[in-house]
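For reference, the structure is listed below as structure tokens.
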Number of protein chains: 2
Amino acid sequence: MAKDKKLVEQITSMEEDFAQWYTDVVLKADLVDYTSVKGCMVIKPAGYAIWELIQSQLDARFKATGVENVYLPMFIPESLLQKEKDHVEGFAPEVAWVTHGGLNPLQERLCVRPTSETLFCDFYANEVESYRDLPKVYNQWCSVVRWEKETRPFLRSREFLWQEGHTAHATAEEAEERTIQMLNVYADFCEQVLAIPVVKGRKTEKEKFAGAEATYTIEALMHDGKALQSGTSHNFGDGFAKAFGIQYTSKDNKLEYVHQTSWGMTTRLIGALIMVHGDNSGLVLPPKVAPTQVMICPIMQKKEGVLEKAFELKGVLSDYRVKVDDSDKNPGWKFAEQEMRGIPLRVEIGPRDIEANKALIVRRDTGEKIEVSLDDINAKVGELLETIQKDMFEKALKHREENTHVADTWEAFTDIIENKQGFIKAMWCEERECEEAIKEETGASTRCMPFAQETLGAVCVHCGKPAKKMVYFGRAY
Amino acid sequence: MAKDKKLVEQITSMEEDFAQWYTDVVLKADLVDYTSVKGCMVIKPAGYAIWELIQSQLDARFKATGVENVYLPMFIPESLLQKEKDHVEGFAPEVAWVTHGGLNPLQERLCVRPTSETLFCDFYANEVESYRDLPKVYNQWCSVVRWEKETRPFLRSREFLWQEGHTAHATAEEAEERTIQMLNVYADFCEQVLAIPVVKGRKTEKEKFAGAEATYTIEALMHDGKALQSGTSHNFGDGFAKAFGIQYTSKDNKLEYVHQTSWGMTTRLIGALIMVHGDNSGLVLPPKVAPTQVMICPIMQKKEGVLEKAFELKGVLSDYRVKVDDSDKNPGWKFAEQEMRGIPLRVEIGPRDIEANKALIVRRDTGEKIEVSLDDINAKVGELLETIQKDMFEKALKHREENTHVADTWEAFTDIIENKQGFIKAMWCEERECEEAIKEETGASTRCMPFAQETLGAVCVHCGKPAKKMVYFGRAY
């Protein structure tokens with residue numbers, strides 16, 4: 001049992017150093033590796049398989065709302081990037097520039113897309129002529145590049161994978177409706193699939209996307225009490241349409257500008273999974289995104305009949321993503337490894353179990369051990385996976401509720417910042433200087449103005465002027 | 001019916017100008033659009049949906065052989081690209097270079113990956129220590145960039161989508177086995193899913209991949225008699241392993257180099273689908289990669305009950321990818337549009353059909369019209385889709401056989417080049433100068449040395465020296 005101890009001991013405890021715990025988990029759970037390309041990561045099979053499950057389930061939800069997938073170039077000519085003023089100011093400082101193609105310098109620099117609003121606008125300007133061409137509800141799955149200085153696997157890297165939806169509509173109402181619809185798809189996906197509760201709301205003017213009229217967000221709370229923006233949906237109004245000349249002829253034969261939206265989710269979600277559900281034994285994956293849901297561990301596997309029974313059991317459990325660990329490692333090491341990788345259920349089966357026609361099931365999330373007859377095991381596994389999915393959400397929700405505080409005075413606000421952790425709900429005057437001062441003084445930024453507004457008082461928590469909005473504040477990734 | 005004529009008239013006939021026909025089809029079938037980024041295309045929903053079907057079916061075949069997906073960075077540091085001599089010579093002249101990140105020049109240039117051998121090698125050098133770590137059988141789906149001067153949608157573009165598999169093995173035998181295994185996966189996929197017959201064989205030394213010991217290929221014949229390389233699988237031996245220092249400790253505790261392979265297929269396959277199966281009415285898609293397999297066209301749809309019946313029928317046919325065209329276009333225009341897009345089956349249903357409890361099914365590949373009772377329609381559609389898939393393969397195979405010629409003399413060879421089209425089978429001395437001379441004199445390159453060797457004569461078709469190999473020659477895309 002020396003070896004399995006070693007595996008767990010290699011992880012710093014989350015109470016001791018959360019940042020180091022995170023790094024240890026992503027490496028020991030074999031999710032990523034560093035590369036010779038600074039700020040870029042390799043997503044290894046265990047990590048990429050999670051992304052594939054996120055992709056396929058999110059994509060199905062998109063398609064159910066009429067989204068069609070496309071692929072646009074990864075390069076943006078500099079002149080195109082510059083067409084929308086706010087947008088270029090927001091992104092130009094952090095893009096990678098291609099200056100040479102083959103052996104020759106390019107006539108015009110190309111940036112590697114940090115996001116594709118400008119390309120979609122250029123495309124829609126050609127595609128859209130009449131109201132019959134609307135709406136356009138397109139999405140692409142791709143990688144994007146932002147030249148970040150400080151990077152961390154999944155949370156902030158120079159290249160990351162994402163989806164970006166871009167839509168064009170005849171009316172402002174329809175664009176707003178789509179913006180909110182996709183935010184709801186994201187929130188539902190996070191809660192139902194990732195078991196991560198989120199707060200839905202609107203970003204402040206300061207925090208909104210470069211070029212957007214309004215940005216909506218879902219915010220999740222990590223185990224260390226910091227917030228993670230987990231998905232955003234933007235309403236552009238007709239700002240980009242005017243900059244790019246995207247016009248259509250309406251039913252009554254007038255020339256009108258389209259109204260646009262965009263919305264995105266990224267490999268950051270894997271970071272959220274780790275930081276919401278993980279513990280000191282490693283990753284804990286919700287069954288719906290667990291590449292392996294059940295690992296069968298034969299005990300005393302060299303004894304006659306044990307391996308055969310393990311593989312027979314694999315057949316019985318074929319409704320689930322199931323594997324047999326028949327490696328020659330000792331059981332203790334296997335258990336530690338599977339815990340590290342966050343596999344929701346372990347099924348132990350040895351000679352005595354076989355004789356008694358039973359197996360031992362162990363839950364990753366709680367450690368609970370359940371003895372089950374081999375006759376009932378298929379139904380029991382299905383039931384347990386559902387229970388785990390639900391329990392993990394409830395546990396994360398409870399953590400968020402316990403770590404969401406109301407601050408009705410500035411004293412209370414700073415006390416929470418110094419002595420507690422988590423979201424702070426407080427009233428705000430809606431003025432930017434006040435927002436900036438709060439950030440400056442406490443490190444907490446406005447996470448969102450939640451849709452579920454409450455009146456916690458009449459005045460701004462910081463400046464005392466009349467309050468206009470209830471805001472979630474928090475330190476954030 | 002004027003409008004539907006117009007749609008078809010917009011296509012140049014393939015007999016008149018095959019290249020123009022191709023361009024017309026990709027645009028009119030709404031597969032791609034040009035962009036402001038020279039040499040790069042937008043893959044539109046109708047094109048991308050084909051790629052999604054290719055991806056999902058190919059990926060399932062990969063996974064059945066133990067392949068795991070990963071994601072590596074899109075950038076390669078210049079020093080890494082230079083580690084393997086042949087490889088850098090092959091690719092350096094056609095890569096795009098990133099020289100600036102944000103506002104600052106980079107210390108070292110990064111190229112946008114034209115292919116990822118060097119990154120995988122760098123990764124494996126870290127990952128592989130012992131024989132227990134082998135084999136590594138990884139694949140990634142991504143986009144790559146090659147700075148081509150002449151570009152054509154799908155066939156040759158500066159950015160394209162593909163998959164690249166990269167494996168590392170303990171022995172040379174195992175690497176060779178995997179190389180051939182993946183070539184067989186490709187060949188089977190082309191024939192079973194894309195309905196495109198292929199010739200399997202080995203590339204000559206001149207035509208092999210930069211850095212490979214051996215390159216295997218599948219070659220398909222297009223409708224105009226030109227060849228298209230449709231997938232390649234490379235055995236690298238231990239060449240890259242030596243350049244990158246990828247070593248493992250064997251069971252008997254010796255330090256050994258790994259043996260590697262790589263294999264790829266690209267969005268080029270969509271070009272192959274167009275040029276093998278298309279006709280003068282547009283695209284013809286094999287059912288297995290048709291995003292819409294059945295289009296239901298209501299006739300006189302404003303009459304009471306017609307649209308309802310059409311949607312009821314959609315429910316009946318829900319085993320297939322089925323849509324109802326309830327747009328307000330006239331039937332002739334609808335038919336032309338669906339033919340252009342290559343939809344395998346059209347189902348027409350109008351008031352008189354409803355009364356008689358029947359519908360008319362029209363095959364895209366043959367134009368055949370089949371009257372069918374609504375009671376049997378589900379089974380009949382399934383049967384027809386299978387038949388079309390099979391017939392399309394048979395038709396393409398017949399075309400290839402009719403356009404494959406044997407040349408036993410140089411006179412015969414040049415006669416075929418001047419007066420016929422297609423593959424030329426001929427004997428070859430295996431010398432590079434001879435291969436280059438043939439290309440120079442006729443425009444025909446060696447496509448492959450097929451696995452199925454035949455002895456067509458004793459001497460080289462060009463120089464008369466003793467023949468060593470039977471080769472497929474052809475003009476190629």
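Scheme for the structure tokens: letters A, B, ... for chains in order shown; per-chain residue numbers from 1; ligand numbers from 1 in order shown.
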
Proximity of chain B to chain A: per-residue shortest pair, 9 Å limit, only C-alpha atoms, as CSV:
```
residue,atom,partner,partner_atom,distance
B:Asp33,CA,A:Phe123,CA,8.3
B:Tyr34,CA,A:Phe123,CA,8.7
B:Thr35,CA,A:Phe123,CA,7.0
B:Ser36,CA,A:Pro77,CA,7.6
B:Val37,CA,A:Pro77,CA,6.7
B:Cys40,CA,A:Pro73,CA,6.0
B:Met41,CA,A:Pro73,CA,6.5
B:Val42,CA,A:Leu72,CA,4.7
B:Ile43,CA,A:Tyr71,CA,5.0
B:Lys44,CA,A:Val70,CA,5.1
B:Pro45,CA,A:Val70,CA,5.2
B:Ala46,CA,A:Val70,CA,8.5
B:Gly47,CA,A:Val70,CA,7.9
B:Tyr48,CA,A:Val70,CA,5.5
B:Ala49,CA,A:Asn69,CA,7.2
B:Glu52,CA,A:Asn69,CA,9.0
B:Glu68,CA,A:Pro45,CA,5.9
B:Asn69,CA,A:Pro45,CA,5.6
B:Val70,CA,A:Lys44,CA,5.1
B:Tyr71,CA,A:Ile43,CA,5.0
B:Leu72,CA,A:Val42,CA,4.7
B:Pro73,CA,A:Cys40,CA,6.0
B:Met74,CA,A:Glu159,CA,7.8
B:Phe75,CA,A:Val37,CA,7.0
B:Ile76,CA,A:Val37,CA,6.9
B:Pro77,CA,A:Val37,CA,6.7
B:Leu80,CA,A:Ser36,CA,8.4
B:Phe91,CA,A:Gly102,CA,8.9
B:Ala92,CA,A:Gly102,CA,6.8
B:Pro93,CA,A:Gly102,CA,4.7
B:Glu94,CA,A:Gly102,CA,4.2
B:Val95,CA,A:Gly102,CA,4.9
B:Ala96,CA,A:Gly101,CA,4.4
B:Trp97,CA,A:His100,CA,5.1
B:Val98,CA,A:Val98,CA,4.2
B:Thr99,CA,A:Trp97,CA,6.2
B:His100,CA,A:Trp97,CA,5.1
B:Gly101,CA,A:Ala96,CA,4.4
B:Gly102,CA,A:Glu94,CA,4.3
B:Leu103,CA,A:Pro93,CA,5.9
B:Leu110,CA,A:Val37,CA,8.6
B:Cys111,CA,A:Val98,CA,8.7
B:Val112,CA,A:Val98,CA,8.7
B:Leu119,CA,A:Thr35,CA,8.4
B:Asp122,CA,A:Ser36,CA,7.6
B:Phe123,CA,A:Thr35,CA,7.0
B:Tyr138,CA,A:Pro45,CA,8.0
B:Cys142,CA,A:Cys142,CA,7.8
B:Ser143,CA,A:Cys142,CA,8.5
B:Arg146,CA,A:Gly102,CA,8.2
B:Trp147,CA,A:Gly101,CA,5.8
B:Glu148,CA,A:Gly102,CA,8.6
B:Glu159,CA,A:Pro73,CA,7.1
B:Phe160,CA,A:Pro73,CA,8.8
```

Find the residues around range 389-401 of chain A up to 6 Å (only C-alpha atoms counted), leave out those fewer than 3 positions away in its own chain, and share them as an mmCIF file with N, CA and C atoms, in the first residue's frame.
```cif
data_model
loop_
_atom_site.group_PDB
_atom_site.id
_atom_site.type_symbol
_atom_site.label_atom_id
_atom_site.label_comp_id
_atom_site.auth_asym_id
_atom_site.auth_seq_id
_atom_site.Cartn_x
_atom_site.Cartn_y
_atom_site.Cartn_z
ATOM 1 N N ALA A 195 -23.616 19.733 -12.829
ATOM 2 C CA ALA A 195 -23.976 19.769 -11.399
ATOM 3 C C ALA A 195 -23.406 20.999 -10.702
ATOM 4 N N ILE A 196 -23.324 22.089 -11.448
ATOM 5 C CA ILE A 196 -22.803 23.353 -10.903
ATOM 6 C C ILE A 196 -23.922 24.399 -10.874
ATOM 7 N N PRO A 197 -24.323 24.841 -9.679
ATOM 8 C CA PRO A 197 -25.351 25.886 -9.617
ATOM 9 C C PRO A 197 -24.787 27.224 -10.076
ATOM 10 N N PRO A 286 -19.104 14.577 -12.086
ATOM 11 C CA PRO A 286 -20.528 14.234 -12.175
ATOM 12 C C PRO A 286 -20.692 13.140 -13.235
ATOM 13 N N PRO A 287 -21.543 12.135 -12.989
ATOM 14 C CA PRO A 287 -21.672 11.012 -13.929
ATOM 15 C C PRO A 287 -21.903 11.426 -15.383
ATOM 16 N N GLU A 386 -27.566 8.321 -10.922
ATOM 17 C CA GLU A 386 -28.540 9.422 -10.847
ATOM 18 C C GLU A 386 -28.469 10.129 -9.504
ATOM 19 N N THR A 404 -22.685 32.727 0.568
ATOM 20 C CA THR A 404 -23.234 33.938 -0.036
ATOM 21 C C THR A 404 -23.719 34.819 1.115
#
```

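Among the candidates A:Gln260, A:Ser373, A:Asn357, A:Gln55, the one nearest to Leu134 in chain A when counting only C-alpha atoms is A:Gln260.
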
Excluding range 171-175 of chain A and its own-chain neighbours fewer than 4 positions away, which residues fall within 12 Å of it when counting only C-alpha atoms? Please give them as an mmCIF file with C-alpha atoms, in the first residue's frame.
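Final output, around-v9.cif:
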```cif
data_model
loop_
_atom_site.group_PDB
_atom_site.id
_atom_site.type_symbol
_atom_site.label_atom_id
_atom_site.label_comp_id
_atom_site.auth_asym_id
_atom_site.auth_seq_id
_atom_site.Cartn_x
_atom_site.Cartn_y
_atom_site.Cartn_z
ATOM 1 C CA TYR A 131 -35.941 39.277 -44.346
ATOM 2 C CA LEU A 134 -33.161 35.851 -41.296
ATOM 3 C CA PRO A 135 -32.603 34.763 -38.641
ATOM 4 C CA LYS A 136 -29.079 33.348 -38.975
ATOM 5 C CA VAL A 137 -28.341 31.177 -35.952
ATOM 6 C CA HIS A 166 -23.274 34.283 -33.617
ATOM 7 C CA THR A 167 -26.764 35.224 -34.663
ATOM 8 C CA THR A 179 -29.514 36.274 -25.978
ATOM 9 C CA ILE A 180 -31.581 35.263 -22.954
ATOM 10 C CA GLN A 181 -32.533 31.898 -24.494
ATOM 11 C CA MET A 182 -28.872 30.915 -24.860
ATOM 12 C CA GLU A 213 -24.943 46.589 -25.806
ATOM 13 C CA ALA A 214 -25.561 44.122 -22.971
ATOM 14 C CA SER A 233 -24.293 35.793 -23.861
ATOM 15 C CA HIS A 234 -24.114 39.190 -25.550
ATOM 16 C CA ASN A 235 -26.697 41.366 -27.235
ATOM 17 C CA PHE A 236 -24.975 43.609 -29.791
ATOM 18 C CA GLY A 237 -28.000 45.573 -30.887
ATOM 19 C CA ASP A 238 -27.217 46.989 -34.342
ATOM 20 C CA GLY A 239 -23.737 48.325 -33.493
ATOM 21 C CA ALA A 241 -24.382 45.759 -38.215
ATOM 22 C CA GLN A 247 -28.673 45.263 -43.946
ATOM 23 C CA TYR A 248 -31.782 43.477 -45.164
ATOM 24 C CA SER A 250 -37.904 44.125 -44.830
ATOM 25 C CA GLU A 256 -32.971 47.817 -42.157
ATOM 26 C CA TYR A 257 -29.952 46.863 -40.041
ATOM 27 C CA VAL A 258 -29.902 43.424 -38.427
ATOM 28 C CA HIS A 259 -29.624 42.913 -34.661
ATOM 29 C CA GLN A 260 -26.967 40.500 -33.460
ATOM 30 C CA THR A 261 -25.963 38.303 -30.555
ATOM 31 C CA SER A 262 -23.024 36.127 -29.597
ATOM 32 C CA TRP A 263 -22.505 33.601 -26.805
#
```

Notebook entry, point to check: Please, which residues of range 212-440 of chain B, numbered as in this document, come out alpha helix (DSSP H) from DSSP, as a ChimeraX atom specification?
Noted result: /B:239-244,268-277,306-316,331-340,351-355,377-402,410-419,432-440

Checklist line | Contacts of Val289 in chain A within 8 Å, only C-alpha atoms, excl. fewer than 4 positions in-chain, as number ranges by chain | finding: A: 50, 53-54, 193-194, 285

Prev. selection, C-alpha atoms, output as a PDB file, in the first residue's frame:
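Done, and the output landed in part_33.pdb:
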```pdb
ATOM      1  CA  ILE A  50     -14.511  15.339 -20.602  1.00  0.00           C
ATOM      2  CA  LEU A  53     -18.913  14.910 -23.348  1.00  0.00           C
ATOM      3  CA  ILE A  54     -19.417  18.623 -22.742  1.00  0.00           C
ATOM      4  CA  VAL A 193     -25.021  18.223 -16.662  1.00  0.00           C
ATOM      5  CA  LEU A 194     -22.084  19.698 -14.735  1.00  0.00           C
ATOM      6  CA  LEU A 285     -16.752  13.993 -11.804  1.00  0.00           C
TER       7      LEU A 285
END
```

Next item on the list: Would you list the contacts of range 293-297 of chain A as a ChimeraX atom specification, taking every protein, DNA or RNA residue within 7 Å and counting only C-alpha atoms, but skipping same-chain residues closer than 5 positions in sequence?
Entry: /A:287,310,320-325,343-349

What does the file look like for those residues with C-alpha atoms, as a PDB file, in the first residue's frame?
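Below is the file part-v5.pdb, written as the result:
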```pdb
ATOM      1  CA  PRO A 287     -21.672  11.012 -13.929  1.00  0.00           C
ATOM      2  CA  ALA A 310     -15.154  -8.909 -14.005  1.00  0.00           C
ATOM      3  CA  TYR A 320     -22.957   2.790 -18.788  1.00  0.00           C
ATOM      4  CA  ARG A 321     -19.421   3.898 -19.640  1.00  0.00           C
ATOM      5  CA  VAL A 322     -17.677   1.039 -17.888  1.00  0.00           C
ATOM      6  CA  LYS A 323     -14.111  -0.325 -17.782  1.00  0.00           C
ATOM      7  CA  VAL A 324     -12.264  -3.129 -16.037  1.00  0.00           C
ATOM      8  CA  ASP A 325      -8.927  -2.257 -14.418  1.00  0.00           C
ATOM      9  CA  ILE A 343     -14.595   8.009 -11.551  1.00  0.00           C
ATOM     10  CA  PRO A 344     -18.078   8.108  -9.935  1.00  0.00           C
ATOM     11  CA  LEU A 345     -18.410   4.402  -9.034  1.00  0.00           C
ATOM     12  CA  ARG A 346     -15.949   1.642  -8.234  1.00  0.00           C
ATOM     13  CA  VAL A 347     -17.145  -1.942  -8.267  1.00  0.00           C
ATOM     14  CA  GLU A 348     -14.970  -4.398  -6.344  1.00  0.00           C
ATOM     15  CA  ILE A 349     -15.329  -8.083  -7.086  1.00  0.00           C
TER      16      ILE A 349
END
```

Checklist line | Contact residues around Ala29 in chain A with only C-alpha atoms at 7 Å, ignoring same-chain residues under 3 positions, as an NGL selection string | finding: :A and (25-26 or 283 or 340-341)
